[in-house]
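Reviewing the structure listed below.
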Protein chains: 2
Amino acid sequence: MSAPPQPRLRADAQRNRERILVAARELLVEEGPEFSFDKIARRVGVGNATLYRHFADRRELIHHVVLSVVSRIADRAERARAEEPDAFRALSRFVHAAADEQVGALCPLLDGDVDRHHPELEDARLRMERGIEALLSAARNSGQLRPDVEVGDLMMALSQLTRPLPGPGCTNFGQFIHRHLQIFLDGLLAPARSQLPGRAATFSDFRDN
Amino acid sequence: MSAPPQPRLRADAQRNRERILVAARELLVEEGPEFSFDKIARRVGVGNATLYRHFADRRELIHHVVLSVVSRIADRAERARAEEPDAFRALSRFVHAAADEQVGALCPLLDGDVDRHHPELEDARLRMERGIEALLSAARNSGQLRPDVEVGDLMMALSQLTRPLPGPGCTNFGQFIHRHLQIFLDGLLAPARSQLPGRAATFSDFRDN
DNA sequence: GAAAAACGGGGACCATCCCCCCGTTTTTTG
DNA sequence: CAAAAAACGGGGGGATGGTCCCCGTTTTTC
């Protein structure tokens, strides 16, 4: 048979690859899918050629970033659901955890910057969607979640509230994110304290164009 | 005496100037303070030279954008307070109005991109801060606002929730903004449904570096 | 309808980015 | 521990896009 397709990366290569993915996720969240490759290299402290050795082009890099974020979010959803008996507490724990995982990086899922039908990614995405839907259904069924919100509402607001602000300032915003998430979560509790305008946002509102 | 320092602009010049300010506000919100001058010109449908005729440099343009946003926000706060007898309804109305005014453009107030001590701006800023503080105090005194939030919490979350997402996709987010603001407002109602982590954010947390 | 004011698009100059090349350094292997 | 293999870094060409100015043309004003 043929040689293993991945003959195992050298130790430093593996380390660099992961640090690149981390930096790419940050830049993706900060600047959107048009981030600069050289900037990532500078941030990691690595030559820019290293980027191209690991990832053929922008799409491939973004693909791996999104893949890693989506699976981590999926993990968080599943763990929250498994380990937290109270349905709304599980949801709440997930929301705070997802903030730490930079959910904002999911935005490029929306436009054409990612191969939406890549099987690996499709699997992870489904796992994530099911996990989050499950958290939400459980909270709704337990009567703790207001009935007029959908999963897209949660995901959009979560993405927005956790995104860093543009420009060099605004550095101390980070320490308040979890407060605002918590306030938002309080607004999600039943009974609903107001009637919401418009219609509820679904996952496809969050995902599609 | 000397001639009037502003001999009154020609009609088309006045029109262009205002359209430039509108486009600049949009780009400021979308891309942060490093937006491209040419892009503004293209969006307005005007030659780029027109920009430089009206504004000497980036700082001056940003200054005028921020000034106009701040005074409009101040207006909104004062009108909400004057016309809405119920304190929390006044706050709520202000929040939704501020979203339409692109509060996100206030971020550059934070870093060095604006002359923070320009008297005109200082006046408008004070008027805005007093107006919003008044809305908040009234809501707190009426017992409708949870007591553990400060004005900075409101302003930060408001800025975040109303910012457009990066990248060309995500176009349909706009229609859900008011839903998420409403959920957040519901979370602000007394009695508090949870204990918030960290400390409350003040105006200076929102304003200073 | 003439003077004054404002406009628009092109262009020179500069920064930055992408992507590749190749001499050097680090890791692995026997 | 030395030689082979793998990965690295930084420089550079070419292209893109940005800023800012210049000047012939159009629009407004009186």
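Here's how to read the names in the structure tokens: chain A, B, ... by the order shown, residue numbers from 1 in each chain, ligand numbers from 1 in the order shown.
Omitting stretch 14-20 of chain C and its sequence neighbours fewer than 5 positions away, and counting only C-alpha atoms (C1' of nucleotides), the residues within 9 Å are Ser36, Phe37, Asp38, Ala49 and Tyr52 of chain A; DA15, DT16, DG17, DG18 and DT19 of chain D.
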Keeping N, CA and C atoms (P, O5', C5', C4', C3', O3' and C1' of nucleotides) for every residue in the selection just given, could you write it to a file as a PDB file, in the first residue's frame?
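As written to disk, again.pdb reads:
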ATOM      1  N   SER A  36      -5.195  40.173   6.044  1.00  0.00           N
ATOM      2  CA  SER A  36      -3.921  40.073   5.336  1.00  0.00           C
ATOM      3  C   SER A  36      -3.080  38.890   5.836  1.00  0.00           C
ATOM      4  N   PHE A  37      -2.548  38.131   4.896  1.00  0.00           N
ATOM      5  CA  PHE A  37      -1.688  37.004   5.270  1.00  0.00           C
ATOM      6  C   PHE A  37      -0.434  37.476   5.996  1.00  0.00           C
ATOM      7  N   ASP A  38       0.169  38.513   5.452  1.00  0.00           N
ATOM      8  CA  ASP A  38       1.392  39.005   6.094  1.00  0.00           C
ATOM      9  C   ASP A  38       1.130  39.417   7.539  1.00  0.00           C
ATOM     10  N   ALA A  49       6.223  32.907   4.437  1.00  0.00           N
ATOM     11  CA  ALA A  49       6.282  31.687   3.638  1.00  0.00           C
ATOM     12  C   ALA A  49       5.702  30.497   4.400  1.00  0.00           C
ATOM     13  N   TYR A  52       2.127  29.879   3.590  1.00  0.00           N
ATOM     14  CA  TYR A  52       1.822  29.238   2.311  1.00  0.00           C
ATOM     15  C   TYR A  52       2.256  27.789   2.280  1.00  0.00           C
TER      16      TYR A  52
ATOM     17  P    DA D  15       2.467  42.801 -13.118  1.00  0.00           P
ATOM     18  O5'  DA D  15       1.257  43.002 -12.106  1.00  0.00           O
ATOM     19  C5'  DA D  15       0.784  41.885 -11.347  1.00  0.00           C
ATOM     20  C4'  DA D  15      -0.152  42.369 -10.263  1.00  0.00           C
ATOM     21  C3'  DA D  15      -1.097  43.492 -10.716  1.00  0.00           C
ATOM     22  O3'  DA D  15      -2.419  43.193 -10.300  1.00  0.00           O
ATOM     23  C1'  DA D  15       0.083  44.159  -8.779  1.00  0.00           C
ATOM     24  P    DT D  16      -3.620  44.035 -10.854  1.00  0.00           P
ATOM     25  O5'  DT D  16      -4.361  44.446  -9.513  1.00  0.00           O
ATOM     26  C5'  DT D  16      -4.197  43.662  -8.317  1.00  0.00           C
ATOM     27  C4'  DT D  16      -4.317  44.580  -7.115  1.00  0.00           C
ATOM     28  C3'  DT D  16      -5.312  45.734  -7.310  1.00  0.00           C
ATOM     29  O3'  DT D  16      -6.323  45.614  -6.328  1.00  0.00           O
ATOM     30  C1'  DT D  16      -3.293  46.486  -6.329  1.00  0.00           C
ATOM     31  P    DG D  17      -7.661  46.466  -6.431  1.00  0.00           P
ATOM     32  O5'  DG D  17      -7.420  47.568  -5.310  1.00  0.00           O
ATOM     33  C5'  DG D  17      -6.951  47.162  -4.022  1.00  0.00           C
ATOM     34  C4'  DG D  17      -6.510  48.386  -3.268  1.00  0.00           C
ATOM     35  C3'  DG D  17      -7.437  49.592  -3.471  1.00  0.00           C
ATOM     36  O3'  DG D  17      -7.649  50.205  -2.219  1.00  0.00           O
ATOM     37  C1'  DG D  17      -5.231  50.190  -3.989  1.00  0.00           C
ATOM     38  P    DG D  18      -8.735  51.362  -2.013  1.00  0.00           P
ATOM     39  O5'  DG D  18      -7.973  52.450  -1.156  1.00  0.00           O
ATOM     40  C5'  DG D  18      -7.056  52.044  -0.140  1.00  0.00           C
ATOM     41  C4'  DG D  18      -6.088  53.168   0.112  1.00  0.00           C
ATOM     42  C3'  DG D  18      -6.742  54.544   0.000  1.00  0.00           C
ATOM     43  O3'  DG D  18      -6.699  55.242   1.237  1.00  0.00           O
ATOM     44  C1'  DG D  18      -4.744  54.435  -1.303  1.00  0.00           C
ATOM     45  P    DT D  19      -7.438  56.644   1.326  1.00  0.00           P
ATOM     46  O5'  DT D  19      -6.272  57.707   1.102  1.00  0.00           O
ATOM     47  C5'  DT D  19      -5.067  57.613   1.849  1.00  0.00           C
ATOM     48  C4'  DT D  19      -4.078  58.652   1.364  1.00  0.00           C
ATOM     49  C3'  DT D  19      -4.601  60.088   1.354  1.00  0.00           C
ATOM     50  O3'  DT D  19      -3.587  60.931   1.881  1.00  0.00           O
ATOM     51  C1'  DT D  19      -3.785  59.528  -0.780  1.00  0.00           C
TER      52       DT D  19
END
Could you give me, as JSON lines, a per-residue list for chain D showing, wherever an atom lies at most 8 Å from an atom of chain A, the closest pair of atoms and their distance in Å to one decimal, using only C-alpha atoms (C1' of nucleotides) and sorting by chain then residue number from low to high?
{"residue": "D:DA6", "atom": "C1'", "partner": "A:Arg10", "partner_atom": "CA", "distance": 7.3}
{"residue": "D:DA7", "atom": "C1'", "partner": "A:Ala13", "partner_atom": "CA", "distance": 6.7}
{"residue": "D:DC8", "atom": "C1'", "partner": "A:Thr50", "partner_atom": "CA", "distance": 7.0}
{"residue": "D:DG9", "atom": "C1'", "partner": "A:Gly47", "partner_atom": "CA", "distance": 5.0}
{"residue": "D:DG10", "atom": "C1'", "partner": "A:Gly47", "partner_atom": "CA", "distance": 7.0}
How would the residues just picked look written out with N, CA, C and O atoms (P, O5', C5', C4', C3', O3' and C1' of nucleotides) as a compact mmCIF listing (two decimals), in the first residue's frame?
# COMPACT_ATOMS: atom_id res chain seq x y z
P DA D 6 11.71 14.63 4.14
O5' DA D 6 11.19 15.84 5.03
C5' DA D 6 11.20 15.70 6.45
C4' DA D 6 11.11 17.07 7.08
C3' DA D 6 10.09 18.00 6.42
O3' DA D 6 9.11 18.31 7.40
C1' DA D 6 12.16 19.13 6.82
P DA D 7 7.88 19.20 7.06
O5' DA D 7 8.38 20.65 7.53
C5' DA D 7 8.77 20.79 8.88
C4' DA D 7 9.40 22.15 9.07
C3' DA D 7 8.54 23.33 8.60
O3' DA D 7 8.29 24.17 9.72
C1' DA D 7 10.79 23.55 7.87
P DC D 8 7.57 25.55 9.56
O5' DC D 8 8.80 26.56 9.50
C5' DC D 8 9.80 26.48 10.49
C4' DC D 8 10.84 27.55 10.27
C3' DC D 8 10.27 28.92 9.98
O3' DC D 8 10.71 29.83 10.95
C1' DC D 8 11.94 28.34 8.39
P DG D 9 10.02 31.28 11.01
O5' DG D 9 11.03 32.19 10.17
C5' DG D 9 12.37 32.28 10.59
C4' DG D 9 13.10 33.28 9.74
C3' DG D 9 12.35 34.60 9.53
O3' DG D 9 13.30 35.64 9.59
C1' DG D 9 12.74 33.56 7.43
P DG D 10 12.91 37.07 9.97
O5' DG D 10 13.47 37.90 8.73
C5' DG D 10 14.71 37.50 8.15
C4' DG D 10 14.72 37.84 6.68
C3' DG D 10 13.99 39.16 6.32
O3' DG D 10 14.77 39.79 5.36
C1' DG D 10 13.19 37.43 5.00
Excluding same-chain residues fewer than 5 positions from stretch 30-35 of chain B, what lies within 12 Å of it counting only C-alpha atoms (C1' of nucleotides), as number ranges by chain? A: 30-32, 34, 164-170; B: 23-25, 40-41, 58-63, 65-66, 102-114, 159-160, 162-168; D: 18-19
Would you save the residues of that selection, restricted to C-alpha atoms (C1' of nucleotides), as an mmCIF file, in the first residue's frame?
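Generated file (selection11.cif):
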data_model
loop_
_atom_site.group_PDB
_atom_site.id
_atom_site.type_symbol
_atom_site.label_atom_id
_atom_site.label_comp_id
_atom_site.auth_asym_id
_atom_site.auth_seq_id
_atom_site.Cartn_x
_atom_site.Cartn_y
_atom_site.Cartn_z
ATOM 1 C CA GLU A 30 -11.527 41.434 13.792
ATOM 2 C CA GLU A 31 -11.384 42.248 10.107
ATOM 3 C CA GLY A 32 -13.531 39.797 8.253
ATOM 4 C CA GLU A 34 -10.239 39.831 3.747
ATOM 5 C CA PRO A 164 -13.982 43.214 19.095
ATOM 6 C CA LEU A 165 -14.460 46.819 18.058
ATOM 7 C CA PRO A 166 -12.527 48.226 15.119
ATOM 8 C CA GLY A 167 -9.562 50.471 15.591
ATOM 9 C CA PRO A 168 -6.736 50.252 18.078
ATOM 10 C CA GLY A 169 -8.711 51.659 21.006
ATOM 11 C CA CYS A 170 -11.596 49.971 22.740
ATOM 12 C CA ALA B 23 -21.451 57.922 3.600
ATOM 13 C CA ALA B 24 -18.520 58.565 5.933
ATOM 14 C CA ARG B 25 -20.659 57.593 8.895
ATOM 15 C CA ILE B 40 -16.553 57.266 0.184
ATOM 16 C CA ALA B 41 -16.334 59.296 -3.005
ATOM 17 C CA ARG B 58 -9.155 62.323 7.911
ATOM 18 C CA ARG B 59 -9.303 63.764 11.415
ATOM 19 C CA GLU B 60 -11.431 66.666 10.289
ATOM 20 C CA LEU B 61 -13.869 64.425 8.465
ATOM 21 C CA ILE B 62 -14.157 62.044 11.389
ATOM 22 C CA HIS B 63 -14.612 64.988 13.680
ATOM 23 C CA VAL B 65 -19.126 62.742 11.493
ATOM 24 C CA VAL B 66 -18.806 62.161 15.194
ATOM 25 C CA GLN B 102 -25.690 54.328 13.850
ATOM 26 C CA VAL B 103 -24.334 54.670 17.344
ATOM 27 C CA GLY B 104 -21.531 52.380 16.374
ATOM 28 C CA ALA B 105 -19.900 55.405 14.798
ATOM 29 C CA LEU B 106 -19.100 56.643 18.267
ATOM 30 C CA CYS B 107 -16.284 54.183 18.735
ATOM 31 C CA PRO B 108 -13.618 56.456 17.313
ATOM 32 C CA LEU B 109 -14.408 58.741 20.207
ATOM 33 C CA LEU B 110 -12.426 56.250 22.172
ATOM 34 C CA ASP B 111 -9.037 56.363 20.570
ATOM 35 C CA GLY B 112 -6.929 59.208 19.264
ATOM 36 C CA ASP B 113 -8.763 59.708 16.010
ATOM 37 C CA VAL B 114 -10.738 62.641 17.243
ATOM 38 C CA SER B 159 -22.891 49.832 19.771
ATOM 39 C CA GLN B 160 -22.126 46.188 19.349
ATOM 40 C CA THR B 162 -26.082 47.672 15.880
ATOM 41 C CA ARG B 163 -22.801 47.226 14.015
ATOM 42 C CA PRO B 164 -22.927 45.565 10.589
ATOM 43 C CA LEU B 165 -20.924 42.372 10.232
ATOM 44 C CA PRO B 166 -17.739 42.369 8.194
ATOM 45 C CA GLY B 167 -17.602 40.871 4.737
ATOM 46 C CA PRO B 168 -20.057 41.158 1.885
ATOM 47 C "C1'" DG D 18 -4.744 54.435 -1.303
ATOM 48 C "C1'" DT D 19 -3.785 59.528 -0.780
#
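Nearest residue to chain A among C:DC13, C:DT28, C:DC7, C:DC22 is C:DT28, counting only C-alpha atoms (C1' of nucleotides).
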Chain C residues within 9 Å of chain B, counting only C-alpha atoms (C1' of nucleotides): which ones, as number ranges by chain? C: 5-9
Tell me, which residues of stretch 71-154 of chain A carry DSSP alpha helix (DSSP H), written as a VMD selection string? chain A and resid 71 to 83 87 to 100 119 to 141 151 to 154
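Excluding stretch 142-155 of chain A itself and any same-chain residue fewer than 2 positions from it, the protein and nucleic acid residues within 6 Å of it, counting only C-alpha atoms (C1' of nucleotides), are Ala139, Arg140, Ala157, Leu158, Leu188, Leu189, Ala190, Pro191, Ala192, Ala200, Ala201, Thr202, Phe203 and Phe206 of chain A.
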Please produce an output containing all heavy atoms for each residue in the selection, written as a tab-separated table (two decimals), in the first residue's frame.
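Full text of out-v4.tsv as output:
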chain	number	residue	atom	x	y	z
A	139	ALA	N	-34.53	24.17	26.78
A	139	ALA	CA	-34.86	25.35	27.58
A	139	ALA	C	-36.30	25.80	27.31
A	139	ALA	O	-37.02	26.22	28.21
A	139	ALA	CB	-33.89	26.48	27.28
A	140	ARG	N	-36.72	25.66	26.06
A	140	ARG	CA	-38.08	26.06	25.73
A	140	ARG	C	-39.08	25.10	26.36
A	140	ARG	O	-40.08	25.51	26.96
A	140	ARG	CB	-38.26	26.10	24.21
A	140	ARG	CG	-39.48	26.82	23.77
A	140	ARG	CD	-39.43	27.23	22.30
A	140	ARG	NE	-38.52	26.42	21.51
A	140	ARG	CZ	-37.63	26.91	20.66
A	140	ARG	NH1	-37.53	28.21	20.49
A	140	ARG	NH2	-36.85	26.11	19.98
A	157	ALA	N	-27.01	37.56	17.89
A	157	ALA	CA	-26.69	38.46	19.00
A	157	ALA	C	-25.38	38.04	19.65
A	157	ALA	O	-24.54	38.87	20.02
A	157	ALA	CB	-27.81	38.46	20.01
A	158	LEU	N	-25.20	36.75	19.78
A	158	LEU	CA	-23.96	36.24	20.37
A	158	LEU	C	-22.75	36.67	19.55
A	158	LEU	O	-21.74	37.15	20.09
A	158	LEU	CB	-24.06	34.72	20.44
A	158	LEU	CG	-22.93	33.93	21.06
A	158	LEU	CD1	-22.57	34.47	22.42
A	158	LEU	CD2	-23.33	32.46	21.17
A	188	LEU	N	-33.87	36.63	27.65
A	188	LEU	CA	-34.41	35.44	26.99
A	188	LEU	C	-35.30	34.60	27.90
A	188	LEU	O	-35.99	33.68	27.44
A	188	LEU	CB	-33.25	34.55	26.49
A	188	LEU	CG	-32.44	35.06	25.30
A	188	LEU	CD1	-31.33	34.08	24.95
A	188	LEU	CD2	-33.35	35.29	24.09
A	189	LEU	N	-35.25	34.90	29.17
A	189	LEU	CA	-36.03	34.08	30.11
A	189	LEU	C	-37.53	34.28	29.92
A	189	LEU	O	-37.98	35.37	29.55
A	189	LEU	CB	-35.65	34.47	31.55
A	189	LEU	CG	-34.38	33.81	32.10
A	189	LEU	CD1	-33.93	34.52	33.38
A	189	LEU	CD2	-34.63	32.33	32.36
A	190	ALA	N	-38.26	33.24	30.19
A	190	ALA	CA	-39.72	33.35	30.24
A	190	ALA	C	-40.12	33.81	31.63
A	190	ALA	O	-39.41	33.53	32.61
A	190	ALA	CB	-40.35	31.99	29.92
A	191	PRO	N	-41.20	34.51	31.79
A	191	PRO	CA	-42.08	34.93	30.70
A	191	PRO	C	-41.50	36.12	29.95
A	191	PRO	O	-40.80	36.93	30.54
A	191	PRO	CB	-43.35	35.33	31.45
A	191	PRO	CG	-42.86	35.81	32.77
A	191	PRO	CD	-41.67	34.95	33.11
A	192	ALA	N	-41.82	36.21	28.66
A	192	ALA	CA	-41.34	37.33	27.85
A	192	ALA	C	-41.86	38.63	28.42
A	192	ALA	O	-43.02	38.73	28.82
A	192	ALA	CB	-41.82	37.16	26.41
A	200	ALA	N	-38.87	35.68	14.03
A	200	ALA	CA	-37.73	35.03	14.66
A	200	ALA	C	-36.70	34.62	13.61
A	200	ALA	O	-37.05	34.26	12.49
A	200	ALA	CB	-38.19	33.80	15.43
A	201	ALA	N	-35.42	34.66	13.96
A	201	ALA	CA	-34.34	34.31	13.04
A	201	ALA	C	-33.98	32.85	13.24
A	201	ALA	O	-33.76	32.39	14.36
A	201	ALA	CB	-33.12	35.18	13.29
A	202	THR	N	-33.91	32.13	12.13
A	202	THR	CA	-33.55	30.72	12.21
A	202	THR	C	-32.07	30.53	11.92
A	202	THR	O	-31.35	31.49	11.68
A	202	THR	CB	-34.35	29.93	11.16
A	202	THR	OG1	-33.91	30.34	9.87
A	202	THR	CG2	-35.82	30.18	11.32
A	203	PHE	N	-31.66	29.27	11.92
A	203	PHE	CA	-30.28	28.99	11.59
A	203	PHE	C	-29.96	29.40	10.16
A	203	PHE	O	-28.86	29.86	9.86
A	203	PHE	CB	-29.96	27.50	11.79
A	203	PHE	CG	-28.92	27.29	12.83
A	203	PHE	CD1	-29.14	26.41	13.88
A	203	PHE	CD2	-27.71	27.95	12.78
A	203	PHE	CE1	-28.18	26.22	14.85
A	203	PHE	CE2	-26.75	27.77	13.74
A	203	PHE	CZ	-26.99	26.90	14.79
A	206	PHE	N	-29.02	32.85	9.82
A	206	PHE	CA	-27.66	33.07	10.29
A	206	PHE	C	-26.64	32.55	9.28
A	206	PHE	O	-25.54	33.07	9.16
A	206	PHE	CB	-27.49	32.36	11.63
A	206	PHE	CG	-26.12	32.54	12.23
A	206	PHE	CD1	-25.64	33.80	12.53
A	206	PHE	CD2	-25.33	31.45	12.48
A	206	PHE	CE1	-24.38	33.96	13.09
A	206	PHE	CE2	-24.07	31.60	13.03
A	206	PHE	CZ	-23.60	32.87	13.34
Best match for closeness to chain B among A:Ala138, A:Ala87, A:Met128, A:Leu28, counting only C-alpha atoms: A:Leu28
